[in-house]
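Student: Supplied in structure tokens, the structure appears directly below.
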Amino acid sequence: MNELSETLPQGAAPGRLARLARLWRLFARNRAALFGLAILAGVVALAAIAPVLYPESPFSLAGRPMSPPFGDWLFGTDTLGRDVMAGIAHGARTSLMIGLVATLVAVVFGTTMGALAGYYGGWIDDLLMRITEVFQTIPSFVFAILLVAIMSPSIQSIVIAIAVVSWPALARLVRGEFLSLRNREFVQANVLMGMPDWKIILVQILPNALSPIIVAGSLMVATAILIESGLSFLGLGDPNVMSWGFQVGAGRTVLRRAWWICTFPGFAILLTVLAINLVGEGLNDALNPRLREGKA
Amino acid sequence: MGRHSRILAALGLSLGLVAAHPAPGALAQTRGGTLVMVTVPEPPTLASYLSTSGPIGQVVAKVYEGLIDVGPGFEIKPSLAESWSMSDDGLSITFKLRQGVTWHDGKPFTSADVQYGIMNVLREVHPRGGATLKVVESVETPDDHTAVLKLSEPAPYLMVSLNGYESPITAKHLFEGTDPRNNPTANAPIGTGPFKFVEWQKGQYVRLDRNDDYWQEGKPYLDRVVVRFIADASTRTAAIESGEVHYGAFGSIPNIDVPRLADMPEIEVTTKGYEYVAPMMQLQFNTTKAPFDNALVRKAIATAVDRQFVIDNVWFGFGKPATGPIHSAFEPTGLYTTEGVTDFINVDDRIAKANAMLDEAGLARGADGIRFSMIHDLTPYGEEWRRFGEYVKQVLAELGIAAELRYEDVPTWLKRVYTDYDYEMSSNWLYGLPDPVLGVHRQYHSNQIRPGTVFVNGTKWSSPETDALMDAARIENDPAKRAEIYHEFQRKVVDATPIIFMHELEFTTVHNTKVKNAVMGPLGVYHSFADVWLEE
């Protein structure tokens, strides 16, 4: 059966390294994606060195409240005298962490649901898709607010809320992929050979459905960061954790007097979300060659 | 949009009518005009005998009146009662009622209304009436214009609470034989006040017109009061800026906009008119939980927090550092003192002193510099309380106390603090109300540890001495002796610090300079507006 799976239509390039190199070339053709990747790398670096740059808690009262930017503090201080830049650095950790963890949870759950529905079809498909639709009919941000309000704001509850509102779209996507791959010859052959279902799903179909999942997942990270920022902005963030949305929310009342408090964290959100979207676009180009050719 | 233009048209029409029929003679300069005020949020009902909810009082205090009125410095002034006298034992108060007063439906006002209103309405259904009027055993009516309140014990706090906001007198002929909770006048009040209720367009405005038969000669000066409901804060600011609205109280104009408005020549801002509610911001401990069962630990934290910093940076400068359980608004009555009360406001080296106190309490720092960990619950009323919690957390960190913040919804938080006592330290704010018996005792008396009842003694702290002081003050009619008791009470409570008194919250009233007599004493916007007039 190994021979069979290796004659898949996709595997043209020999060796893993060569394939990665080809993907990189395709990705790098998209200048915007490279730009996005550079920004994202910067944000990741900032998050990584935040504890070194600002060893104190980002909530610590660093100096005179509402000091303007580019003086003693790069981006000024907020209404309580907290360093805005320290908040941005530590907030990067929060945003990336929440974005990644929530997406991971949503991807694992959504993929499982979609895979089962697409592979088995019939009443399992009906049942799982009706459940998915129930979740899809509720506006996702409102639903996330509700969930966090019920569970009390904390990092865990925010991750759970974001995952809960994010998985249905992925489940539908994966189901579609599985539905079409399910009837391909190589899958049929595996069934004939008596390969157990779980193995067919995990080893045979899933790797072939991976590209759209990766693309959708990367864009989901951006959405997750936006949802987290929105929740924090509304005061539903974890009160013990610094985040960009929290900074914007805390500074918006004094926008006329101290524009810098919410402006810089706002830019951080904008740039990060933009970067992730650009990278996602680039991944799409690299992983879905058909689409790319269609565009060209 | 269409709705708004209709209101505007109505207002324009009314102004036009005023112009067409100028008020006669000498009063021409001060009589007339429509005052537009804004109230947030829209009141759920207009039944001030049933709820103390602020917006209700702001509207209905113009329609209903009480036996007395509260003037500047908590002076008790005549209203429906022309005069009164108290028996020597303090157990009966005889009110001489004003003659010739009529209800807005034309029926005469008599002592029977006072009797029914106090005994069958306020004592039964008013949220505070059950407690305030508990001492009133009966109301006797020897004639139509005399009402005698018979008390079970002397009650020095009773007179002030008989004002029109706290104890509105309702008409017997409209309430008799009905359940006061379901009276048809709940949304269309009929009172004796300077303004008659005309209509309530839900979501838009309440219109009150001048009561031409009002008992005060020549008053009210205004022809009409329109109370508008505007949900969006910045729209309210814009409305007062443009002169479309004349008056807004109780934070209806956001604090952040107030300094800018105050600079405008046609707008005036005052923090007066809230002495009656005397709101106070506090940090309270669960004094049964270690280490907060130790007064030294509580006082260490009280020493460490910088009240002025919090006022300036969290509350935009609207507040005054608090010194103890009694609000400084009581200064004119003599009840308030700072003499011999531990001073937490003027302290140098706060953090060092507080750290020394914690060392003394035997709470040594661990290897990581932390003495102990705790959870600080935040008052779930919005942004400022969160900022305040964030500030407290940083101060605690400097004392080697690792605090985690917890922010829950209001019912969960209330249950945590007042039912389960499952907290260590929480921010909170309470009204001091016009007498300590009404607003202060509830937080300190041992008989006020009532699981499930909110805004009572949630710290579980009490002492036999302070209980005795409060019991004595409750029935002491001699103002000087009573003041002495409360001075001792303030010293004792601050010495134990079950609650850290942070600051006296200041609300603002923002009004157009055309509005004269805008704030007439401690009741502020809860006043009847009989004296308010508009300059042409």
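Chain lettering (A, B, ...) mirrors the order of the structure tokens, residue numbering begins at 1 for each chain separately, and ligand numbering begins at 1 in order of display.
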Applying 9 Å and only C-alpha atoms, which residues near segment 421-434 of chain B remain after dropping the ones on its own chain fewer than 4 positions away? List them as a VMD selection string.
Tutor: chain B and resid 74 157 160 to 161 275 to 290 292 325 to 327 330 374 to 379 385 388 to 389 415 to 417 438 to 440 451 455 458 to 460 505 522
Student: Between segment 382-406 of chain B and segment 212-234 of chain A, at 12 Å or less, what are the per-residue closest atom pairs and their distances in Å? Count only C-alpha atoms, order by chain and rising residue number, and return it as a Markdown table.
Tutor:
| residue | atom | partner | partner_atom | distance |
| --- | --- | --- | --- | --- |
| B:Gly382 | CA | A:Leu234 | CA | 9.8 |
| B:Glu383 | CA | A:Leu234 | CA | 9.4 |
| B:Arg386 | CA | A:Leu234 | CA | 11.9 |
Student: Using only C-alpha atoms, find the residues of chain A whose closest atom to chain B is at most 7 Å away, then write them as a list in words.
Tutor: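 Result, ordered by chain then number: Ser60, Thr79, Leu80, Ser152, Pro153, Pro239, Asn240 and Thr253 of chain A.
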Student: Using only C-alpha atoms, which of the listed residues (A:Gln136, A:Ile276, A:Asn284, A:Ala163) sits closest to Ala38 of chain A?
Tutor: A:Ile276
Student: If you measure from atom CA of Arg350 of chain B to atom CA of Pro498 of chain B, what distance in Å do you get, rounded to one decimal?
Tutor: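 Separation between atom CA of Arg350 of chain B and atom CA of Pro498 of chain B: 19.1 Å.
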Student: Which residues come within 9 Å of segment 164-168 of chain A, counting only C-alpha atoms, excluding same-chain residues fewer than 4 positions away, as JSON, numbers by chain?
Tutor: {"A": [102, 103, 105, 106, 107, 108, 109, 110, 111, 113, 114, 129, 131, 132, 133, 135, 136, 138, 139, 140, 141, 143, 144, 147, 159, 160, 172, 173, 220, 223, 224]}
Student: Can you write just those residues out, N, CA and C atoms, as a short mmCIF file (atom, residue, chain, number, x, y, z; two decimals), in the first residue's frame?
Tutor:
data_model
loop_
_atom_site.label_atom_id
_atom_site.label_comp_id
_atom_site.auth_asym_id
_atom_site.auth_seq_id
_atom_site.Cartn_x
_atom_site.Cartn_y
_atom_site.Cartn_z
N ALA A 102 -5.70 29.24 20.73
CA ALA A 102 -7.12 29.16 20.36
C ALA A 102 -7.26 28.54 18.98
N THR A 103 -6.38 28.93 18.06
CA THR A 103 -6.46 28.37 16.71
C THR A 103 -6.19 26.87 16.72
N VAL A 105 -6.64 24.75 19.14
CA VAL A 105 -7.80 24.04 19.68
C VAL A 105 -8.90 23.97 18.62
N ALA A 106 -9.17 25.11 17.97
CA ALA A 106 -10.23 25.15 16.97
C ALA A 106 -9.90 24.23 15.80
N VAL A 107 -8.63 24.22 15.37
CA VAL A 107 -8.25 23.40 14.23
C VAL A 107 -8.40 21.92 14.56
N VAL A 108 -7.91 21.52 15.73
CA VAL A 108 -8.01 20.10 16.10
C VAL A 108 -9.47 19.67 16.16
N PHE A 109 -10.28 20.48 16.83
CA PHE A 109 -11.68 20.12 17.00
C PHE A 109 -12.44 20.17 15.66
N GLY A 110 -12.23 21.28 14.94
CA GLY A 110 -12.92 21.46 13.67
C GLY A 110 -12.53 20.38 12.67
N THR A 111 -11.25 20.05 12.62
CA THR A 111 -10.79 19.02 11.69
C THR A 111 -11.40 17.66 12.05
N MET A 113 -14.23 17.05 13.64
CA MET A 113 -15.64 17.05 13.27
C MET A 113 -15.80 16.91 11.75
N GLY A 114 -15.06 17.72 11.01
CA GLY A 114 -15.19 17.72 9.55
C GLY A 114 -14.77 16.39 8.96
N MET A 129 -23.08 17.97 11.11
CA MET A 129 -23.26 19.24 10.40
C MET A 129 -24.39 20.07 10.99
N ILE A 131 -25.09 20.12 14.15
CA ILE A 131 -24.45 20.73 15.33
C ILE A 131 -23.61 21.93 14.90
N THR A 132 -22.83 21.73 13.84
CA THR A 132 -22.00 22.82 13.35
C THR A 132 -22.84 24.03 12.98
N GLU A 133 -23.98 23.76 12.33
CA GLU A 133 -24.83 24.87 11.91
C GLU A 133 -25.38 25.64 13.09
N PHE A 135 -23.89 26.24 15.81
CA PHE A 135 -22.84 27.18 16.22
C PHE A 135 -22.65 28.29 15.20
N GLN A 136 -22.84 27.92 13.91
CA GLN A 136 -22.61 28.94 12.88
C GLN A 136 -23.69 30.00 12.84
N ILE A 138 -25.03 31.54 15.32
CA ILE A 138 -24.88 32.59 16.33
C ILE A 138 -23.73 33.51 15.91
N PRO A 139 -23.97 34.81 15.88
CA PRO A 139 -22.88 35.73 15.49
C PRO A 139 -21.66 35.50 16.40
N SER A 140 -20.50 35.30 15.78
CA SER A 140 -19.39 34.75 16.56
C SER A 140 -18.90 35.68 17.66
N PHE A 141 -18.83 36.99 17.40
CA PHE A 141 -18.29 37.87 18.44
C PHE A 141 -19.25 37.97 19.64
N PHE A 143 -21.33 35.72 20.52
CA PHE A 143 -21.24 34.43 21.20
C PHE A 143 -20.01 34.39 22.11
N ALA A 144 -18.89 34.91 21.59
CA ALA A 144 -17.66 34.92 22.40
C ALA A 144 -17.85 35.77 23.65
N LEU A 147 -19.89 33.79 26.12
CA LEU A 147 -19.15 32.69 26.77
C LEU A 147 -18.20 33.23 27.83
N VAL A 159 -9.56 31.75 25.56
CA VAL A 159 -9.12 30.76 24.58
C VAL A 159 -10.29 29.83 24.21
N ILE A 160 -10.99 29.38 25.21
CA ILE A 160 -12.12 28.48 24.95
C ILE A 160 -13.17 29.18 24.08
N ARG A 172 -16.51 22.68 8.29
CA ARG A 172 -17.16 22.60 6.99
C ARG A 172 -16.13 22.47 5.86
N LEU A 173 -15.05 23.22 5.99
CA LEU A 173 -13.99 23.16 4.98
C LEU A 173 -13.41 21.75 4.89
N MET A 220 -7.03 32.19 10.66
CA MET A 220 -7.79 32.11 11.90
C MET A 220 -7.02 32.74 13.06
N THR A 223 -7.88 36.31 13.08
CA THR A 223 -9.22 36.53 13.64
C THR A 223 -9.21 36.37 15.15
N ALA A 224 -8.47 35.36 15.63
CA ALA A 224 -8.42 35.12 17.08
C ALA A 224 -7.83 36.33 17.80
#
Student: Using only C-alpha atoms, which protein or nucleic acid residues come within 6 Å of Leu162 of chain B? Drop anything in the same chain fewer than 2 positions from it, and give the result as a PyMOL selection string.
Tutor: chain B and resi 66-68+159-160+167
Student: Take the selection from the previous step and output its residues with N, CA, C and O atoms, as a short mmCIF file (atom, residue, chain, number, x, y, z; two decimals), in the first residue's frame.
Tutor:
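See again37.cif below for the written result:
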data_model
loop_
_atom_site.label_atom_id
_atom_site.label_comp_id
_atom_site.auth_asym_id
_atom_site.auth_seq_id
_atom_site.Cartn_x
_atom_site.Cartn_y
_atom_site.Cartn_z
N GLY B 66 -42.79 65.86 50.04
CA GLY B 66 -42.77 65.24 51.36
C GLY B 66 -43.27 66.21 52.39
O GLY B 66 -43.63 67.36 52.07
N LEU B 67 -43.28 65.76 53.66
CA LEU B 67 -43.74 66.64 54.72
C LEU B 67 -42.78 67.82 54.89
O LEU B 67 -43.19 68.93 55.20
N ILE B 68 -41.48 67.53 54.70
CA ILE B 68 -40.49 68.58 54.89
C ILE B 68 -39.60 68.68 53.66
O ILE B 68 -39.68 67.85 52.75
N MET B 159 -36.71 62.95 60.77
CA MET B 159 -37.16 64.19 60.13
C MET B 159 -36.56 64.37 58.74
O MET B 159 -37.28 64.63 57.77
N VAL B 160 -35.22 64.21 58.64
CA VAL B 160 -34.56 64.48 57.37
C VAL B 160 -35.06 63.55 56.27
O VAL B 160 -35.11 63.91 55.10
N SER B 167 -39.39 60.16 50.98
CA SER B 167 -40.70 59.74 51.50
C SER B 167 -41.81 60.53 50.82
O SER B 167 -42.45 61.38 51.44
#
Student: My list of candidates is A:Leu20, A:Ala62, A:Val279, A:Ile162. Which is closest to Ala41 of chain A when distances are computed with only C-alpha atoms?
Tutor: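 For Ala41 of chain A, the nearest of the given residues is A:Val279.
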Student: Compare A:Gly118, A:Ser57, A:Trp24, A:Leu271 by their minimum atom-to-atom distance to Ala402 of chain B, counting only C-alpha atoms, and give me the closest one.
Tutor: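 Smallest distance to Ala402 of chain B is found for A:Ser57.
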Student: Tell me, as a PDB file with N, CA and C atoms, in the first residue's frame, which residues lie within 8 Å of Asp495 of chain B, counting only C-alpha atoms; anything in the same chain fewer than 2 positions away does not count.
Tutor:
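The result, stored in selection_20.pdb:
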ATOM      1  N   VAL B 341      -8.868  60.888  64.848  1.00  0.00           N
ATOM      2  CA  VAL B 341      -9.063  59.796  63.902  1.00  0.00           C
ATOM      3  C   VAL B 341      -7.731  59.531  63.199  1.00  0.00           C
ATOM      4  N   THR B 342      -7.310  58.296  63.144  1.00  0.00           N
ATOM      5  CA  THR B 342      -6.046  57.960  62.492  1.00  0.00           C
ATOM      6  C   THR B 342      -6.031  58.540  61.080  1.00  0.00           C
ATOM      7  N   ARG B 491     -13.506  57.367  65.441  1.00  0.00           N
ATOM      8  CA  ARG B 491     -12.170  57.008  65.923  1.00  0.00           C
ATOM      9  C   ARG B 491     -12.034  55.484  66.038  1.00  0.00           C
ATOM     10  N   LYS B 492     -13.055  54.860  66.599  1.00  0.00           N
ATOM     11  CA  LYS B 492     -13.000  53.408  66.830  1.00  0.00           C
ATOM     12  C   LYS B 492     -12.963  52.626  65.502  1.00  0.00           C
ATOM     13  N   VAL B 493     -13.796  53.033  64.570  1.00  0.00           N
ATOM     14  CA  VAL B 493     -13.873  52.280  63.314  1.00  0.00           C
ATOM     15  C   VAL B 493     -12.580  52.439  62.523  1.00  0.00           C
ATOM     16  N   THR B 497     -10.132  49.728  61.070  1.00  0.00           N
ATOM     17  CA  THR B 497     -10.071  49.679  59.618  1.00  0.00           C
ATOM     18  C   THR B 497     -10.599  48.365  59.006  1.00  0.00           C
TER      19      THR B 497
END
Student: Quick one: DSSP alpha helix (DSSP H) residues in segment 75-214 of chain B, as JSON, numbers by chain?
Tutor: {"B": [111, 112, 113, 114, 115, 116, 123, 124, 125, 129, 130, 131, 132, 172, 173, 174, 175]}
Student: Would you mind reading off the distance between atom CA of Thr52 of chain B and atom CA of Ser92 of chain B, one decimal, in Å?
Tutor: 26.6 Å
Student: Using only C-alpha atoms, which residue out of B:Gly243, B:Gly73, B:Gly191, B:Gly177 lies closest to His511 of chain B?
Tutor: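 Result for the nearest residue to His511 of chain B: B:Gly243.
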Student: Based on DSSP run over this structure's backbone, return all residues of segment 78-322 of chain B in strand (DSSP E or B), as a CSV table (one decimal) with N, CA and C atoms, in the first residue's frame.
Tutor:
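Writing done, so here's states13.csv:
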chain,number,residue,atom,x,y,z
B,78,PRO,N,-40.0,73.7,56.0
B,78,PRO,CA,-41.4,73.3,55.8
B,78,PRO,C,-41.7,73.0,54.3
B,81,ALA,N,-45.8,70.1,55.4
B,81,ALA,CA,-46.0,70.5,56.8
B,81,ALA,C,-45.5,71.9,57.0
B,82,GLU,N,-46.4,72.8,57.6
B,82,GLU,CA,-46.0,74.1,57.8
B,82,GLU,C,-45.1,74.3,59.0
B,83,SER,N,-45.4,73.4,60.0
B,83,SER,CA,-44.6,73.5,61.3
B,83,SER,C,-44.8,72.2,62.0
B,84,TRP,N,-43.9,71.9,63.0
B,84,TRP,CA,-44.0,70.7,63.7
B,84,TRP,C,-43.4,70.9,65.1
B,85,SER,N,-43.8,70.0,66.0
B,85,SER,CA,-43.2,70.0,67.3
B,85,SER,C,-43.1,68.6,67.8
B,86,MET,N,-42.0,68.4,68.6
B,86,MET,CA,-41.7,67.1,69.1
B,86,MET,C,-42.0,67.1,70.6
B,92,SER,N,-43.3,61.5,70.0
B,92,SER,CA,-44.4,61.9,69.1
B,92,SER,C,-44.1,63.2,68.5
B,93,ILE,N,-44.3,63.3,67.1
B,93,ILE,CA,-44.1,64.5,66.4
B,93,ILE,C,-45.4,64.9,65.8
B,94,THR,N,-45.8,66.2,66.1
B,94,THR,CA,-47.0,66.7,65.6
B,94,THR,C,-46.8,67.6,64.4
B,95,PHE,N,-47.3,67.3,63.3
B,95,PHE,CA,-47.1,68.1,62.1
B,95,PHE,C,-48.4,68.9,61.8
B,96,LYS,N,-48.2,70.3,61.7
B,96,LYS,CA,-49.4,71.1,61.2
B,96,LYS,C,-49.3,71.2,59.7
B,97,LEU,N,-50.3,70.6,59.0
B,97,LEU,CA,-50.2,70.6,57.6
B,97,LEU,C,-50.7,71.9,56.9
B,102,THR,N,-53.8,71.2,47.0
B,102,THR,CA,-54.6,70.2,46.3
B,102,THR,C,-53.7,69.2,45.5
B,108,PRO,N,-58.6,67.8,47.5
B,108,PRO,CA,-57.8,68.4,48.6
B,108,PRO,C,-56.8,67.4,49.3
B,136,VAL,N,-42.2,54.2,63.4
B,136,VAL,CA,-43.5,54.9,63.4
B,136,VAL,C,-44.5,53.9,63.6
B,137,GLU,N,-45.1,53.9,64.8
B,137,GLU,CA,-46.1,52.9,65.2
B,137,GLU,C,-47.5,53.2,64.6
B,138,SER,N,-47.8,54.5,64.6
B,138,SER,CA,-49.1,54.9,64.0
B,138,SER,C,-49.0,56.4,63.7
B,139,VAL,N,-49.9,56.8,62.8
B,139,VAL,CA,-50.1,58.2,62.5
B,139,VAL,C,-51.5,58.6,62.9
B,140,GLU,N,-51.6,59.5,63.8
B,140,GLU,CA,-53.0,59.9,64.3
B,140,GLU,C,-53.4,61.2,63.5
B,141,THR,N,-54.7,61.3,63.3
B,141,THR,CA,-55.2,62.5,62.5
B,141,THR,C,-56.3,63.1,63.3
B,142,PRO,N,-56.0,63.9,64.3
B,142,PRO,CA,-57.0,64.6,65.1
B,142,PRO,C,-57.9,65.5,64.2
B,143,ASP,N,-57.3,66.2,63.2
B,143,ASP,CA,-58.2,66.9,62.3
B,143,ASP,C,-57.5,66.8,60.9
B,146,THR,N,-53.8,68.1,60.8
B,146,THR,CA,-52.8,67.8,61.8
B,146,THR,C,-52.5,66.3,61.7
B,147,ALA,N,-51.3,66.0,61.7
B,147,ALA,CA,-50.9,64.5,61.7
B,147,ALA,C,-49.8,64.3,62.8
B,148,VAL,N,-50.1,63.3,63.6
B,148,VAL,CA,-49.2,63.1,64.7
B,148,VAL,C,-48.5,61.7,64.5
B,149,LEU,N,-47.2,61.7,64.4
B,149,LEU,CA,-46.5,60.5,64.2
B,149,LEU,C,-46.1,59.9,65.6
B,150,LYS,N,-46.6,58.7,65.9
B,150,LYS,CA,-46.3,58.1,67.2
B,150,LYS,C,-45.1,57.1,67.0
B,151,LEU,N,-44.0,57.3,67.8
B,151,LEU,CA,-42.8,56.5,67.6
B,151,LEU,C,-42.6,55.5,68.7
B,163,ASN,N,-38.4,63.9,53.4
B,163,ASN,CA,-38.4,64.8,52.2
B,163,ASN,C,-39.1,64.1,51.0
B,195,PHE,N,-44.8,70.6,39.7
B,195,PHE,CA,-45.0,70.3,38.3
B,195,PHE,C,-46.0,69.1,38.2
B,196,LYS,N,-46.9,69.1,37.2
B,196,LYS,CA,-47.8,68.0,36.9
B,196,LYS,C,-47.2,67.1,35.8
B,197,PHE,N,-47.5,65.8,36.0
B,197,PHE,CA,-47.1,64.9,35.0
B,197,PHE,C,-48.0,65.0,33.8
B,198,VAL,N,-47.5,65.1,32.6
B,198,VAL,CA,-48.3,65.2,31.4
B,198,VAL,C,-48.2,64.0,30.5
B,199,GLU,N,-47.0,63.7,30.1
B,199,GLU,CA,-46.9,62.5,29.3
B,199,GLU,C,-45.4,61.9,29.3
B,200,TRP,N,-45.4,60.6,29.0
B,200,TRP,CA,-44.1,59.9,29.0
B,200,TRP,C,-44.0,59.2,27.7
B,201,GLN,N,-43.2,59.7,26.8
B,201,GLN,CA,-42.9,59.0,25.5
B,201,GLN,C,-41.7,58.1,25.8
B,205,TYR,N,-38.8,61.1,26.2
B,205,TYR,CA,-38.9,62.1,27.2
B,205,TYR,C,-40.1,62.0,28.1
B,206,VAL,N,-40.0,62.6,29.3
B,206,VAL,CA,-41.1,62.8,30.1
B,206,VAL,C,-41.4,64.3,30.2
B,207,ARG,N,-42.7,64.7,30.0
B,207,ARG,CA,-43.0,66.1,30.0
B,207,ARG,C,-43.8,66.4,31.3
B,208,LEU,N,-43.4,67.4,32.0
B,208,LEU,CA,-44.0,67.9,33.2
B,208,LEU,C,-44.4,69.4,33.0
B,209,ASP,N,-45.6,69.7,33.3
B,209,ASP,CA,-46.1,71.1,33.1
B,209,ASP,C,-46.3,71.8,34.4
B,210,ARG,N,-46.2,73.1,34.4
B,210,ARG,CA,-46.4,73.9,35.6
B,210,ARG,C,-47.7,73.6,36.3
B,224,ARG,N,-42.5,74.6,32.2
B,224,ARG,CA,-42.4,73.2,31.8
B,224,ARG,C,-41.0,72.6,32.1
B,225,VAL,N,-41.0,71.4,32.4
B,225,VAL,CA,-39.7,70.6,32.6
B,225,VAL,C,-39.8,69.4,31.6
B,226,VAL,N,-38.9,69.3,30.7
B,226,VAL,CA,-38.8,68.1,29.8
B,226,VAL,C,-37.6,67.3,30.2
B,227,VAL,N,-37.8,66.1,30.6
B,227,VAL,CA,-36.7,65.2,30.9
B,227,VAL,C,-36.4,64.3,29.7
B,228,ARG,N,-35.3,64.5,29.1
B,228,ARG,CA,-35.0,63.7,27.9
B,228,ARG,C,-34.1,62.5,28.3
B,247,TYR,N,-29.5,70.9,31.4
B,247,TYR,CA,-29.2,70.4,32.8
B,247,TYR,C,-29.0,68.9,32.7
B,248,GLY,N,-27.9,68.5,33.4
B,248,GLY,CA,-27.6,67.0,33.5
B,248,GLY,C,-26.9,66.8,34.8
B,267,ILE,N,-21.6,77.4,30.2
B,267,ILE,CA,-21.9,76.2,30.9
B,267,ILE,C,-21.2,76.3,32.3
B,268,GLU,N,-22.0,75.8,33.3
B,268,GLU,CA,-21.5,75.8,34.7
B,268,GLU,C,-21.5,74.4,35.2
B,269,VAL,N,-20.5,74.1,36.0
B,269,VAL,CA,-20.3,72.8,36.6
B,269,VAL,C,-20.2,72.9,38.1
B,270,THR,N,-20.9,72.0,38.8
B,270,THR,CA,-20.8,72.0,40.2
B,270,THR,C,-20.8,70.6,40.7
B,279,PRO,N,-21.9,59.7,48.5
B,279,PRO,CA,-21.3,58.4,48.1
B,279,PRO,C,-19.9,58.3,48.5
B,280,MET,N,-19.5,57.1,48.9
B,280,MET,CA,-18.1,56.9,49.4
B,280,MET,C,-17.6,55.6,48.7
B,281,MET,N,-16.3,55.8,48.3
B,281,MET,CA,-15.6,54.6,47.7
B,281,MET,C,-14.8,54.0,48.7
B,282,GLN,N,-14.7,52.6,48.7
B,282,GLN,CA,-14.0,51.9,49.8
B,282,GLN,C,-13.4,50.6,49.3
B,283,LEU,N,-12.4,50.2,50.1
B,283,LEU,CA,-11.9,48.8,49.9
B,283,LEU,C,-12.3,48.1,51.2
B,284,GLN,N,-13.0,47.0,51.0
B,284,GLN,CA,-13.4,46.3,52.2
B,284,GLN,C,-12.8,44.9,52.4
B,285,PHE,N,-12.5,44.5,53.6
B,285,PHE,CA,-11.9,43.2,53.9
B,285,PHE,C,-12.9,42.3,54.4
B,319,GLY,N,-13.3,63.9,43.3
B,319,GLY,CA,-13.4,63.2,44.5
B,319,GLY,C,-12.6,63.9,45.6
B,320,LYS,N,-12.8,63.4,46.8
B,320,LYS,CA,-12.1,64.1,48.0
B,320,LYS,C,-11.7,62.9,48.9
B,321,PRO,N,-10.4,62.9,49.3
B,321,PRO,CA,-10.0,61.8,50.2
B,321,PRO,C,-10.9,61.7,51.4
Student: Between segment 168-250 of chain B and segment 111-129 of chain B, at 6 Å or less, what are the per-residue closest atom pairs and their distances in Å? Count only C-alpha atoms, order by chain and rising residue number, and return it as a Markdown table.
Tutor:
| residue | atom | partner | partner_atom | distance |
| --- | --- | --- | --- | --- |
| B:Ile169 | CA | B:Gly117 | CA | 5.4 |
| B:Thr170 | CA | B:Gly117 | CA | 5.4 |
| B:Ala171 | CA | B:Asp113 | CA | 5.4 |
| B:Lys172 | CA | B:Asp113 | CA | 4.8 |
Student: For Thr513 of chain B, which residue among B:Pro265, B:Gly273, B:Pro291, B:Gly317 is the nearest when counting only C-alpha atoms?
Tutor: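 Closest to Thr513 of chain B, using only C-alpha atoms: B:Pro265.
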Student: Which residues come within 9 Å of Val44 of chain A, counting only C-alpha atoms, excluding same-chain residues fewer than 6 positions away, as a VMD selection string?
Tutor: chain A and resid 92 to 93 96
